[in-house]
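Report on one structure; see the data block that follows.
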Amino acid sequence: MARERLKCVRWMLGLVLATAGVSVGEAQGTCPAKVARDHVTLSYEFVPVIDGDATTMHVKVTMQGADGDQLNLRMPGEASKDTVTPWINLKAESAGTTIDPGDKPTVKVVHFKPGKPLVISYDLLKDWPGPLHPSMQFQPVIFPTYFELYGEKALAVPQLNPDVMVTANYDWRALPAGWTLATSFGAGSGAASRCQTFTGMREAIDQALFAGGDFRLHSFKVGEREVELAIRGAWTFSDDEAAAQLVKPIQLARTFWHDENFPYYLVTLAPFEGEGSTDGSQYTNAFWFFMGSKDVLSQPRIQKDLLHEAFHEWDPWHMGVQKEPQALSDWFQEGVTDYYANLLAYRNGILSAKEYADAMNKGLADYYGGSKSPYTQGLVLGIWLDSAIRKNSGGKQSLDDVMFEMVREAKEPLSEERVLRTLDKYLADGDRAILRAGIDHDGEVPLVGAVVAAPCMTILVGKITVFDLGVDFNKSKETKVIAGVEVDGPAYVAGLRDGQKLVTWSVTTPSTDKLEVFTVKEGDGQKTITFYAKKIVRAPKLEPQVGCSANE
């Protein structure tokens, strides 16, 4: 989930040189750069600066072909609650160029001489202490022995629409001689790999993946196409075993979409510090995957997650340029993708019937328990949509037809309105209201008795235990005053009330089998209140059919 993630549409990409431009720089001993005649050219030079355990990445940017004498420059990333802005030392390098603050911290106004290249530089830095741990991979990952970045959080670019054509040159010649380079635009360890050029829509540059350092490169085949694996760290499996475990999830996604047109594709694999956490994200011609060093790629849940990332190559990145915030259609991009990742993994023997049912039932329980996660919403809506479309068409159509149509019509921008408009063609009038209520989380999705796409599965009504504190924990913690206690919820039954002064707490989320502890003031003393954060909800539940095989 990348999400944050992201993304590319194949027809707008292509690992190509700028055919409408000319080469410059060869005589000066620099990378031969392509300069376009009819659109903006961005040339990036990267220089790692290693000082003991600290590393920064110095980035120099040359921009050519911009109209006028002024542009808005979008700097990489933005500060989060855990980080500062991941760049420092922004400077104007070309004569007659000045940089003024913009309306936002990450947008600067650059003034330059008309018709002349403008050059700026800045330093990217790892802006958190210690080793790599989950969630920090979306900030610049820059260590003395390796780096891993993606465009939106690493590259300064002019503020242009995501579908504007741009040529980008990447000069990595300053990397240490022994380092491997693996990016969305090529991989290698020799000098020839250090100069890369790409022409495509700006969105693809934003979502390009860049990795280098002590990665080990391996090529393997998915069908007839080569895939590059860039892997680092120590694992309980060999590099060859890692490559072998990547084949099936990638192949299943390509088989579903009937698409093998991948002249180049990259997967990076790197370890988190600690155990038990995994994360993947799809980028231009690539995806990355992180997991604990004791995890193995052959685990069913990880195979499913790899399939999820491979599926993202089409949903959403082959479905059109995205010009609205991703959050508006995240239920479709992430949740429906997860529905398919689980379904394809089950149909093809990666997940057992029990593992598939457990995964679906957790999503159903979370949804009916009030979860507003787009992953949960899309997963549950995926089950229902697939069933409703099959029923309405007498089995002649399914949600698959919607997915294929979204790719066929990728000339239109990707938006939630377009997703809904496409779905409407396959739904009955009453179904449309159910779908919108499900997206808004204002209504239940009728699943009991539905004919599900998963073989050997029946949907029943079950009682499911779900996590529920029954109190607005975030507000209570922030104000140190108990707030948002739900009448008859577990916190209320245990004795918590709105307005009590909160002293200490010990809360485990989202556990239903560990005691939650709240200490509040009572008179001149204190009172400790404990309870299990759970409630029982009635929700649809998938039940595997006895004696039935999904592969029959």
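Within each chain, counting starts at residue 1; across the structure tokens, chains are named A, B, ... in the order shown, with ligands numbered 1 upward in that order.
Residues within 10 Å of A:Phe262, counting only C-alpha atoms and excluding same-chain residues fewer than 3 positions away, are Arg10, Gly14, Val222, Glu224, Arg225, Glu226, Val227, Arg254, Asp259, Tyr265 and Asn285 of chain A.
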With DSSP run on the backbone, what are the strand (DSSP E) residues within stretch 334-525 of chain A? I'd like them as a CSV table (one decimal) with N, CA and C atoms, in the first residue's frame.
chain,number,residue,atom,x,y,z
A,457,MET,N,-17.5,-22.2,-1.7
A,457,MET,CA,-17.8,-21.4,-0.6
A,457,MET,C,-19.3,-21.0,-0.5
A,458,THR,N,-19.8,-21.0,0.7
A,458,THR,CA,-21.2,-20.6,0.9
A,458,THR,C,-21.2,-19.5,1.9
A,459,ILE,N,-22.1,-18.5,1.7
A,459,ILE,CA,-22.2,-17.4,2.6
A,459,ILE,C,-23.4,-17.6,3.6
A,460,LEU,N,-23.1,-17.6,4.9
A,460,LEU,CA,-24.1,-17.8,5.9
A,460,LEU,C,-24.1,-16.5,6.8
A,461,VAL,N,-25.0,-16.5,7.7
A,461,VAL,CA,-25.0,-15.4,8.8
A,461,VAL,C,-24.3,-16.0,10.0
A,462,GLY,N,-23.4,-15.3,10.5
A,462,GLY,CA,-22.6,-15.8,11.7
A,462,GLY,C,-22.5,-14.7,12.7
A,463,LYS,N,-22.2,-15.1,13.9
A,463,LYS,CA,-21.8,-14.1,15.0
A,463,LYS,C,-20.3,-14.1,15.0
A,464,ILE,N,-19.8,-12.8,14.9
A,464,ILE,CA,-18.4,-12.6,14.8
A,464,ILE,C,-17.9,-11.7,15.9
A,465,THR,N,-16.8,-12.0,16.5
A,465,THR,CA,-16.2,-11.1,17.6
A,465,THR,C,-15.3,-10.1,16.9
A,466,VAL,N,-15.6,-8.8,17.1
A,466,VAL,CA,-14.8,-7.8,16.5
A,466,VAL,C,-14.2,-6.8,17.6
A,467,PHE,N,-13.1,-6.2,17.3
A,467,PHE,CA,-12.5,-5.2,18.2
A,467,PHE,C,-13.4,-4.0,18.3
A,502,LEU,N,-8.6,11.3,32.7
A,502,LEU,CA,-7.7,10.2,32.3
A,502,LEU,C,-6.3,10.4,32.9
A,503,VAL,N,-5.8,9.4,33.6
A,503,VAL,CA,-4.5,9.4,34.2
A,503,VAL,C,-3.5,8.6,33.4
A,504,THR,N,-3.8,7.3,33.3
A,504,THR,CA,-2.9,6.4,32.5
A,504,THR,C,-3.8,5.5,31.7
A,505,TRP,N,-3.1,4.8,30.8
A,505,TRP,CA,-3.9,3.8,30.0
A,505,TRP,C,-2.9,2.8,29.5
A,506,SER,N,-3.4,1.6,29.2
A,506,SER,CA,-2.7,0.6,28.5
A,506,SER,C,-3.6,-0.1,27.5
A,515,LEU,N,-6.6,-7.5,28.1
A,515,LEU,CA,-7.3,-6.5,28.8
A,515,LEU,C,-6.8,-5.1,28.5
A,516,GLU,N,-7.8,-4.2,28.3
A,516,GLU,CA,-7.5,-2.8,28.1
A,516,GLU,C,-7.6,-2.2,29.5
A,517,VAL,N,-6.7,-1.3,29.8
A,517,VAL,CA,-6.6,-0.7,31.2
A,517,VAL,C,-6.6,0.8,31.1
A,518,PHE,N,-7.6,1.4,31.8
A,518,PHE,CA,-7.7,2.8,31.9
A,518,PHE,C,-7.7,3.2,33.4
A,519,THR,N,-6.9,4.2,33.8
A,519,THR,CA,-6.9,4.7,35.2
A,519,THR,C,-7.4,6.1,35.1
A,520,VAL,N,-8.5,6.4,35.9
A,520,VAL,CA,-9.1,7.7,35.9
A,520,VAL,C,-9.1,8.2,37.3
A,521,LYS,N,-9.3,9.5,37.5
A,521,LYS,CA,-9.4,10.1,38.8
A,521,LYS,C,-10.8,9.9,39.4
A,522,GLU,N,-10.8,9.6,40.7
A,522,GLU,CA,-12.1,9.4,41.3
A,522,GLU,C,-12.0,10.0,42.7
A,525,GLY,N,-8.7,10.2,44.8
A,525,GLY,CA,-7.8,9.1,44.4
A,525,GLY,C,-8.0,8.7,43.0
- Message: For a quick check of understanding, using only C-alpha atoms, which of A:Met403, A:Ala353, A:Leu209, A:Thr376 has the smallest distance to A:His312?
- Response: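 Closest to A:His312 of all the choices is A:Met403.
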- Item | Shell of 12 Å around A:Glu543, only C-alpha atoms, local chain residues under 3 positions omitted, as an MDAnalysis selection string | chainID A and resid 353:361 448:449 452 454:462 540 546 548
- Query: From the set A:Gly382, A:Gly484, A:Gly470, A:Pro32, which residue has the shortest atom-to-atom contact distance to A:Val445, counting only C-alpha atoms?
  - Reply: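 For A:Val445, the nearest of the given residues is A:Gly382.
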- Task: Pick out the closest residue to A:Ala234 from this set: A:Asn261, A:Gln326, A:Ser373, A:Ser293. Count only C-alpha atoms.
- Result: A:Ser293
- Message: Restricting the calculation to only C-alpha atoms: of A:Val451, A:Ala533, A:Leu73, A:Leu175, which residue gets closest to A:Gly489?
- Response: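 The shortest atom-to-atom distance to A:Gly489 comes from A:Ala533.
Of the residues under consideration (A:Pro325, A:Gly200, A:Pro446, A:Gly349), A:Gly200 shows the shortest atom-to-atom contact distance to A:Thr167 when counting only C-alpha atoms.
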- Looking only at the backbone, which of the residues in stretch 200-372 of chain A does DSSP tag as helix (DSSP H, G or I), as a count of residues only? 74
- Message: When you look at A:Lys396 with a cut-off of 12 Å (counting only C-alpha atoms), what residues show up, excluding the ones that are within fewer than 6 positions of it in the same chain? I need them as an NGL selection string.
- Response: :A and (386-390 or 426)
- Query: In terms of the shortest atom-to-atom distance over only C-alpha atoms, which of A:Glu334, A:Gly223, A:Glu324, A:Tyr346 is closest to A:Pro300?
  - Reply: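 Among the listed residues, the smallest separation from A:Pro300 belongs to A:Tyr346.
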- Message: I'd like the contact shell of A:Thr145 - 10 Å cut-off, only C-alpha atoms, skipping same-chain residues fewer than 3 positions apart - returned as a PyMOL selection string.
- Response: chain A and resi 50+53+55+142+176+179+212-215
Please produce a file of those selected residues containing all heavy atoms, as a short mmCIF file (atom, residue, chain, number, x, y, z; two decimals), in the first residue's frame.
data_model
loop_
_atom_site.label_atom_id
_atom_site.label_comp_id
_atom_site.auth_asym_id
_atom_site.auth_seq_id
_atom_site.Cartn_x
_atom_site.Cartn_y
_atom_site.Cartn_z
N ILE A 50 28.59 10.29 1.92
CA ILE A 50 28.63 9.36 3.05
C ILE A 50 29.60 9.90 4.09
O ILE A 50 30.78 10.15 3.81
CB ILE A 50 29.07 7.96 2.59
CG1 ILE A 50 28.09 7.45 1.52
CG2 ILE A 50 29.13 6.99 3.77
CD1 ILE A 50 28.55 6.16 0.84
N ASP A 53 28.15 7.03 9.66
CA ASP A 53 26.86 6.35 9.58
C ASP A 53 25.79 7.20 8.91
O ASP A 53 24.65 6.75 8.74
CB ASP A 53 26.38 5.96 10.99
CG ASP A 53 27.26 4.88 11.62
OD1 ASP A 53 27.86 4.11 10.85
OD2 ASP A 53 27.34 4.84 12.86
N THR A 55 24.28 9.48 5.74
CA THR A 55 24.36 9.60 4.29
C THR A 55 23.28 10.56 3.81
O THR A 55 22.15 10.51 4.28
CB THR A 55 24.15 8.24 3.59
OG1 THR A 55 25.08 7.30 4.12
CG2 THR A 55 24.36 8.35 2.10
N ILE A 142 18.07 6.24 2.84
CA ILE A 142 19.45 6.53 2.40
C ILE A 142 20.40 6.11 3.52
O ILE A 142 20.47 6.77 4.56
CB ILE A 142 19.64 8.03 2.08
CG1 ILE A 142 18.57 8.52 1.09
CG2 ILE A 142 21.03 8.28 1.52
CD1 ILE A 142 18.59 10.02 0.86
N PRO A 176 29.22 4.86 -5.79
CA PRO A 176 30.45 4.07 -5.61
C PRO A 176 30.55 2.96 -6.64
O PRO A 176 29.55 2.36 -7.05
CB PRO A 176 30.30 3.51 -4.19
CG PRO A 176 29.46 4.54 -3.48
CD PRO A 176 28.49 5.03 -4.52
N TRP A 179 28.65 -0.43 -6.38
CA TRP A 179 27.21 -0.45 -6.13
C TRP A 179 26.43 -0.93 -7.35
O TRP A 179 26.75 -0.60 -8.49
CB TRP A 179 26.72 0.95 -5.76
CG TRP A 179 26.97 1.31 -4.32
CD1 TRP A 179 27.88 0.75 -3.48
CD2 TRP A 179 26.29 2.33 -3.58
NE1 TRP A 179 27.83 1.35 -2.25
CE2 TRP A 179 26.85 2.32 -2.28
CE3 TRP A 179 25.29 3.23 -3.88
CZ2 TRP A 179 26.43 3.20 -1.28
CZ3 TRP A 179 24.86 4.11 -2.88
CH2 TRP A 179 25.42 4.08 -1.60
N GLY A 212 19.75 1.43 -5.14
CA GLY A 212 21.16 1.22 -5.44
C GLY A 212 21.93 0.86 -4.19
O GLY A 212 21.47 1.09 -3.07
N GLY A 213 23.11 0.27 -4.38
CA GLY A 213 23.95 -0.10 -3.25
C GLY A 213 24.27 -1.57 -3.26
O GLY A 213 24.57 -2.16 -4.30
N ASP A 214 24.14 -2.21 -2.08
CA ASP A 214 24.52 -3.61 -1.94
C ASP A 214 23.39 -4.57 -2.33
O ASP A 214 23.23 -5.64 -1.73
CB ASP A 214 25.01 -3.90 -0.53
CG ASP A 214 23.96 -3.61 0.55
OD1 ASP A 214 22.85 -3.15 0.20
OD2 ASP A 214 24.26 -3.85 1.74
N PHE A 215 22.63 -4.17 -3.33
CA PHE A 215 21.62 -5.08 -3.89
C PHE A 215 22.32 -6.10 -4.78
O PHE A 215 23.32 -5.81 -5.43
CB PHE A 215 20.59 -4.30 -4.72
CG PHE A 215 19.60 -3.53 -3.91
CD1 PHE A 215 19.88 -2.23 -3.52
CD2 PHE A 215 18.39 -4.09 -3.55
CE1 PHE A 215 18.96 -1.50 -2.77
CE2 PHE A 215 17.46 -3.37 -2.81
CZ PHE A 215 17.75 -2.08 -2.42
#
